[in-house]
Amino acid sequence: MEALVVENVSMDFGGLRALNALSFSVSVGERLAIIGPNGAGKTTLFQILSGMLTPTTGRIFAFGKEITKLPPHQRAALGLGRTFQITNLFFNLTVLDNLLLGLEATGHTRFNPVRPVSTYGRLLKQAEEILRQWGMWERRDVPVRSLSYGEQRQLEIVLTLSQKRSILLLDEPTCGLSPEEAKSFTAMISGFSRDFTVLLIDHDMDVTFEIAEKVMVLHYGQLLVHGLPGEVKSNPRVQEIYMGAEE
Amino acid sequence: MKDKTGLVVALVLFACLIVVPPLLPTFYTGLVTLILIFAIFAMSLDILQGYTGLASLGHAAFLGTAAYVVAILNVKVFKGPHFTVELIAGILSAAFVAAIFGLFVLRSRQTYFLMILLASSMMLWGIAFKWRSLTGGDDGLPGIARPNLSAIHLNLANTTHFYYFVLLFFLIAIILMYLVVRSSFGHTLMGIRESETRMQALGYNIWLQKYLAFIVSSVFAGLAGVLLVYYNGFVSPSELHLVLSAEALIMVILGGSGTLFGPAIGAAIITLIKNFVSGYTEHWMIILGAIYIATVVLAPQGVYRLIKQLMRK
């Protein structure tokens, strides 16, 4: 079963073609890494997959259902969750409130106009468990704007993971994490059950090749290679334009 | 502990409000009545402006619509007061306008939202201004009778009785709005204020949440409109005008947006100054502008947060 199918998707911003006739699919439980130099169209692809942007042409399917024109919240309901490359949190709310907003999104409490969030014991307990697991419980009453950058990046991931969406789009999740944090993050993703499908953008090659079973290389909006990590690493084109550029 | 201090302060303020009529001359009782009405109006705007992050320059549309509906029922249809029907019709008409406006203004954001809502609300002003046979045009509709509540021994023509009548609605409104902003629903509104894209990614239909906020807010603005029209016994297009919307916005900013109670303080300050100034000059707008600038420069967080900081020291 395919978790995601992308068919011939192109995205134009005015005269700029950010993605060009991109087609690929991701099967359920797969871990796919998307790499490519800055400006290759990786984040644009995530914007399109999560519904923040509508592609100029092409179609997208999630679990066999076409989602090309669905708004983001309906895609989330189908099981898409994402993190943001540029930290996107509720900065003036506390850590706990941030997490509660994540947990509330999947229930009906969001429409209750009289009952305070703080009276939903089940939600609070869930939030406590998650925050303890990530070592952020002591920081629960701190407004997110006062967290360190590393903590914010961590919360960015925690918030998305807490929702248990089945397809995770992780946009540079380890950017800003310490090497140890990045390592434990990698271990956690690798330990995920096969119910979860993971698409990952990351500039940290250790993280990328540790997690990924398949790697896709984008270059100026074109799909360059899509294959096993070994194949991609040894591909001469990739070495020339991407790996080679770093040497 | 913090909550207890808040409760004590609230009870003290409430006690003060109760003893207003016996302690103050009739004129000032009337003035405090007006403050309470505008406090409801400003707090209702805060649900949009402070909690949802939707700065609005069209809030008078809801107050004005309710005011006109009550006035027309009162003067033209029933030819006398008919309290329950007028109250419900006034509030529902405000909600109806919000439900219609919300369909298109909430498609846009920030400045665009502000301008489209401003234009929509001024359209209503234009209708009130031009539709003479129904609204009386720029002469307005005079002779609106206050409800007859002699059944419960209230004589609303009496300033003191009318004051307690408004105070009751003020209390109901402030408690309901407090519940709303503290609720799960209110929580999602703050999420939208902080980051719309994150809320979408989390799975919220932010349009729907904003739409509901819009309607909830309009209900309380409508209530303010109903009370205002009884207070004045008169309605005119100025109840739908941009100036009133701008005053409400400044009440919110001056009091502290996103604090709910702050805008009530803002309403008190603005209403008092306006009342004082209008005895000397017709150029109220100049003073209002000066207040706005002073707020932004001296207390951009608003008076409410300023008081809270001072109390903590």
# chains A, B, ... in the order shown; residues from 1 in each chain; ligands from 1
call {"tool": "select_by_dssp", "arguments": {"residues": "range 41-221 of chain A", "states": "alpha helix (DSSP H)", "output": "ChimeraX atom specification"}}
result
/A:42-50,72-78,95-104,121-133,149-161,179-190,205-211
call {"tool": "interface_residues", "arguments": {"of": "chain B", "to": "chain A", "cutoff": "9 Å", "atoms": "only C-alpha atoms", "output": "PyMOL selection string"}}
result
chain B and resi 176-188+190-195+197-206+209+212
call {"tool": "residues_around", "arguments": {"residues": "Leu306 in chain B", "least_positions_apart": "4", "cutoff": "10 Å", "atoms": "only C-alpha atoms", "output": "mmCIF file with C-alpha atoms, in the first residue's frame"}}
result
data_model
loop_
_atom_site.group_PDB
_atom_site.id
_atom_site.type_symbol
_atom_site.label_atom_id
_atom_site.label_comp_id
_atom_site.auth_asym_id
_atom_site.auth_seq_id
_atom_site.Cartn_x
_atom_site.Cartn_y
_atom_site.Cartn_z
ATOM 1 C CA GLY B 255 -6.821 48.718 28.183
ATOM 2 C CA GLY B 256 -4.592 45.916 26.933
ATOM 3 C CA GLY B 262 -8.343 45.555 30.213
ATOM 4 C CA ALA B 299 1.878 51.825 27.577
ATOM 5 C CA PRO B 300 1.882 49.665 24.462
ATOM 6 C CA GLN B 301 0.956 46.690 26.660
ATOM 7 C CA GLY B 302 -2.117 48.471 27.898
ATOM 8 C CA LEU B 310 2.528 47.677 39.695
ATOM 9 C CA MET B 311 0.517 45.404 41.980
#
call {"tool": "select_by_dssp", "arguments": {"residues": "range 79-235 of chain A", "states": "strand (DSSP E)", "output": "PyMOL selection string"}}
result
chain A and resi 80-82+167-171+197-201+214-219+222-227
call {"tool": "residues_around", "arguments": {"residues": "range 44-49 of chain A", "least_positions_apart": "4", "cutoff": "9 Å", "atoms": "only C-alpha atoms", "output": "mmCIF file with C-alpha atoms, in the first residue's frame"}}
result
data_model
loop_
_atom_site.group_PDB
_atom_site.id
_atom_site.type_symbol
_atom_site.label_atom_id
_atom_site.label_comp_id
_atom_site.auth_asym_id
_atom_site.auth_seq_id
_atom_site.Cartn_x
_atom_site.Cartn_y
_atom_site.Cartn_z
ATOM 1 C CA LEU A 4 1.802 8.893 -0.585
ATOM 2 C CA VAL A 6 2.980 12.229 -6.128
ATOM 3 C CA MET A 11 5.071 24.333 -8.862
ATOM 4 C CA ALA A 18 10.380 25.478 -8.043
ATOM 5 C CA LEU A 19 9.346 21.900 -8.809
ATOM 6 C CA ALA A 40 16.224 22.507 -4.681
ATOM 7 C CA LEU A 53 0.515 25.360 -1.254
ATOM 8 C CA THR A 54 -1.488 24.018 -4.186
ATOM 9 C CA PRO A 55 0.682 22.719 -7.014
ATOM 10 C CA ILE A 60 -1.188 13.946 -4.906
ATOM 11 C CA ILE A 67 -5.658 15.194 -1.656
ATOM 12 C CA THR A 68 -4.331 17.673 -4.239
ATOM 13 C CA PRO A 72 -4.223 21.349 5.446
ATOM 14 C CA ARG A 75 -4.927 16.281 5.269
ATOM 15 C CA LEU A 80 -0.395 13.909 7.723
ATOM 16 C CA ARG A 82 4.592 18.005 9.737
ATOM 17 C CA LEU A 169 6.912 15.239 7.178
ATOM 18 C CA LEU A 170 9.999 16.312 9.102
ATOM 19 C CA ASP A 171 11.596 19.460 7.745
#
call {"tool": "residues_around", "arguments": {"residues": "range 192-198 of chain A", "least_positions_apart": "6", "cutoff": "8 Å", "atoms": "only C-alpha atoms", "output": "list in words"}}
result
Ala3, Val26, Ser27, Val28, Gly29, Glu30, Arg31, Leu32, Arg165, Ser166, Ile167, Leu168, Leu169 and Leu170 of chain A
call {"tool": "write_last_selection", "arguments": {"atoms": "C-alpha atoms", "output": "CSV table (one decimal), in the first residue's frame"}}
result
chain,number,residue,atom,x,y,z
A,3,ALA,CA,1.1,6.1,1.8
A,26,VAL,CA,6.2,6.3,-0.6
A,27,SER,CA,4.9,3.0,0.7
A,28,VAL,CA,3.4,2.7,4.2
A,29,GLY,CA,6.2,2.4,6.8
A,30,GLU,CA,8.9,3.6,4.5
A,31,ARG,CA,11.5,6.1,5.7
A,32,LEU,CA,12.4,8.4,2.8
A,165,ARG,CA,-0.2,11.1,12.7
A,166,SER,CA,0.7,8.3,10.4
A,167,ILE,CA,2.7,10.2,7.8
A,168,LEU,CA,5.3,12.5,9.2
A,169,LEU,CA,6.9,15.2,7.2
A,170,LEU,CA,10.0,16.3,9.1
call {"tool": "residues_around", "arguments": {"residues": "Ile100 in chain B", "least_positions_apart": "5", "cutoff": "10 Å", "atoms": "only C-alpha atoms", "output": "mmCIF file with C-alpha atoms, in the first residue's frame"}}
result
data_model
loop_
_atom_site.group_PDB
_atom_site.id
_atom_site.type_symbol
_atom_site.label_atom_id
_atom_site.label_comp_id
_atom_site.auth_asym_id
_atom_site.auth_seq_id
_atom_site.Cartn_x
_atom_site.Cartn_y
_atom_site.Cartn_z
ATOM 1 C CA ALA B 95 -24.956 37.425 14.889
ATOM 2 C CA VAL B 105 -13.974 38.842 5.314
ATOM 3 C CA TYR B 211 -15.871 32.189 12.027
ATOM 4 C CA ILE B 215 -20.133 35.204 15.739
#
call {"tool": "residues_around", "arguments": {"residues": "range 76-83 of chain B", "least_positions_apart": "3", "cutoff": "9 Å", "atoms": "only C-alpha atoms", "output": "ChimeraX atom specification"}}
result
/B:71-73,86-88,134,144-149
call {"tool": "atom_distance", "arguments": {"atom1": "CA of Asn74 in chain B", "atom2": "CA of Ile175 in chain B"}}
result
28.5 Å
